[in-house]
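> One structure, as structure tokens, below. Some questions next.
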Amino acid sequence: QQQVRQSPQSLTVWEGETAILNCSYEDSTFDYFPWYHQFPGESPALLIAIRPVSNKKEDGRFTIFFNKREKKFSLHIADSQPGDSATYFCAASAASGSWQLIFGSGTQLTVMP
Amino acid sequence: DPKIIQKPKYLVAVTGSEKILICEQYLGHNAMYWYRQSAKKPLEFMFSYSYQKLMDNQTASSRFQPQSSKKNHLDLQITALKPDDSATYFCASSQGTSNQDTQYFGPGTRLLVL
């Protein structure tokens, strides 16, 4: 099944808290898992990505945790800032085929000051 | 300077008409894509091209036809437009060496079909 499930649909946190966004997949051929963010009126932009050889990838305040056995991965945004308010999409891609990104349904994150 | 250009930014069309969405990338990439974003399906893959050859077509309808006249161009022709086609259409590109190359998205064309 080429599907990526994402939750929650929306998330509100206070400034300084850690926001946790979750995704799961079923297709074992997926080998690349990026997170994109999208601000209103703008296009999606890559935030951070992970390959299954690792179970964790950090970039500043953003961390991906990856669980290959359970086919789950999550994005943790530490010390959330109001400027982080955006829609976040997880995605997955397989090495064979068209390189298409299969996106989750998105999480609308609001960080309250 | 924008590296991926999409034209027009906004487009209003009547049902049954035909439109062409333009995409040009100046990143030197070899792979290009079209995605569609609507309220029903947040980000949906449509087509992928590599070195001007079609790699995959995930659209159910032949009304959507990509056209690649140059390596850095991938236009999208949509015929017999329907109100359901209303969406933002994003062109994207990547280096074209593997699925793990970053895909960069253009600013999008917002299409409204009346």
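Please note that chains go A, B, ... in the order of the structure tokens, that every chain numbers its residues from 1, and that ligands are numbered from 1 in the order shown.
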Up to 9 Å from chain B, what residues of chain A turn up? Count only C-alpha atoms and give them as a count of residues only.
27
> Using only C-alpha atoms, which residues sit within 7 Å of A:His76 once same-chain residues fewer than 3 positions away are excluded, as a VMD selection string?
chain A and resid 18 to 21 62 to 64
> Neighbouring residues of B:Ile20 were defined as those with any atom within 10 Å, considering only C-alpha atoms; residues of the same chain fewer than 3 positions away were excluded. Please report them as a list in words.
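Counting only the stated atoms, we get Lys7, Pro8, Leu11, Cys23, Phe64, Gln65, Pro66, Gln67, Asp75, Leu76, Gln77, Ile78 and Thr79 of chain B.
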> Can I get the selected residues back with N, CA and C atoms, as an mmCIF file, in the first residue's frame?

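After the write, selection.cif holds the following:
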data_model
loop_
_atom_site.group_PDB
_atom_site.id
_atom_site.type_symbol
_atom_site.label_atom_id
_atom_site.label_comp_id
_atom_site.auth_asym_id
_atom_site.auth_seq_id
_atom_site.Cartn_x
_atom_site.Cartn_y
_atom_site.Cartn_z
ATOM 1 N N LYS B 7 4.142 29.853 -14.612
ATOM 2 C CA LYS B 7 3.267 30.870 -15.165
ATOM 3 C C LYS B 7 1.949 30.239 -15.595
ATOM 4 N N PRO B 8 0.816 30.896 -15.446
ATOM 5 C CA PRO B 8 0.679 32.118 -14.676
ATOM 6 C C PRO B 8 0.605 31.809 -13.179
ATOM 7 N N LEU B 11 -4.974 31.586 -12.439
ATOM 8 C CA LEU B 11 -5.639 31.274 -13.699
ATOM 9 C C LEU B 11 -7.102 30.957 -13.416
ATOM 10 N N CYS B 23 6.136 25.694 -16.766
ATOM 11 C CA CYS B 23 7.155 25.520 -15.726
ATOM 12 C C CYS B 23 8.535 25.502 -16.351
ATOM 13 N N PHE B 64 -4.951 15.371 -18.726
ATOM 14 C CA PHE B 64 -3.722 16.006 -18.238
ATOM 15 C C PHE B 64 -2.551 15.464 -19.062
ATOM 16 N N GLN B 65 -1.869 16.356 -19.770
ATOM 17 C CA GLN B 65 -0.767 15.941 -20.618
ATOM 18 C C GLN B 65 0.454 16.813 -20.346
ATOM 19 N N PRO B 66 1.537 16.232 -19.852
ATOM 20 C CA PRO B 66 2.762 17.012 -19.702
ATOM 21 C C PRO B 66 3.447 17.182 -21.058
ATOM 22 N N GLN B 67 4.177 18.281 -21.183
ATOM 23 C CA GLN B 67 4.882 18.558 -22.436
ATOM 24 C C GLN B 67 6.263 19.088 -22.099
ATOM 25 N N ASP B 75 5.777 21.654 -19.139
ATOM 26 C CA ASP B 75 4.477 22.301 -19.097
ATOM 27 C C ASP B 75 3.391 21.258 -18.868
ATOM 28 N N LEU B 76 2.239 21.734 -18.448
ATOM 29 C CA LEU B 76 1.109 20.837 -18.200
ATOM 30 C C LEU B 76 -0.111 21.354 -18.951
ATOM 31 N N GLN B 77 -0.560 20.563 -19.901
ATOM 32 C CA GLN B 77 -1.756 20.923 -20.660
ATOM 33 C C GLN B 77 -2.954 20.207 -20.045
ATOM 34 N N ILE B 78 -3.991 20.970 -19.780
ATOM 35 C CA ILE B 78 -5.215 20.390 -19.222
ATOM 36 C C ILE B 78 -6.360 20.721 -20.164
ATOM 37 N N THR B 79 -7.027 19.695 -20.661
ATOM 38 C CA THR B 79 -8.139 19.899 -21.593
ATOM 39 C C THR B 79 -9.467 19.599 -20.913
#
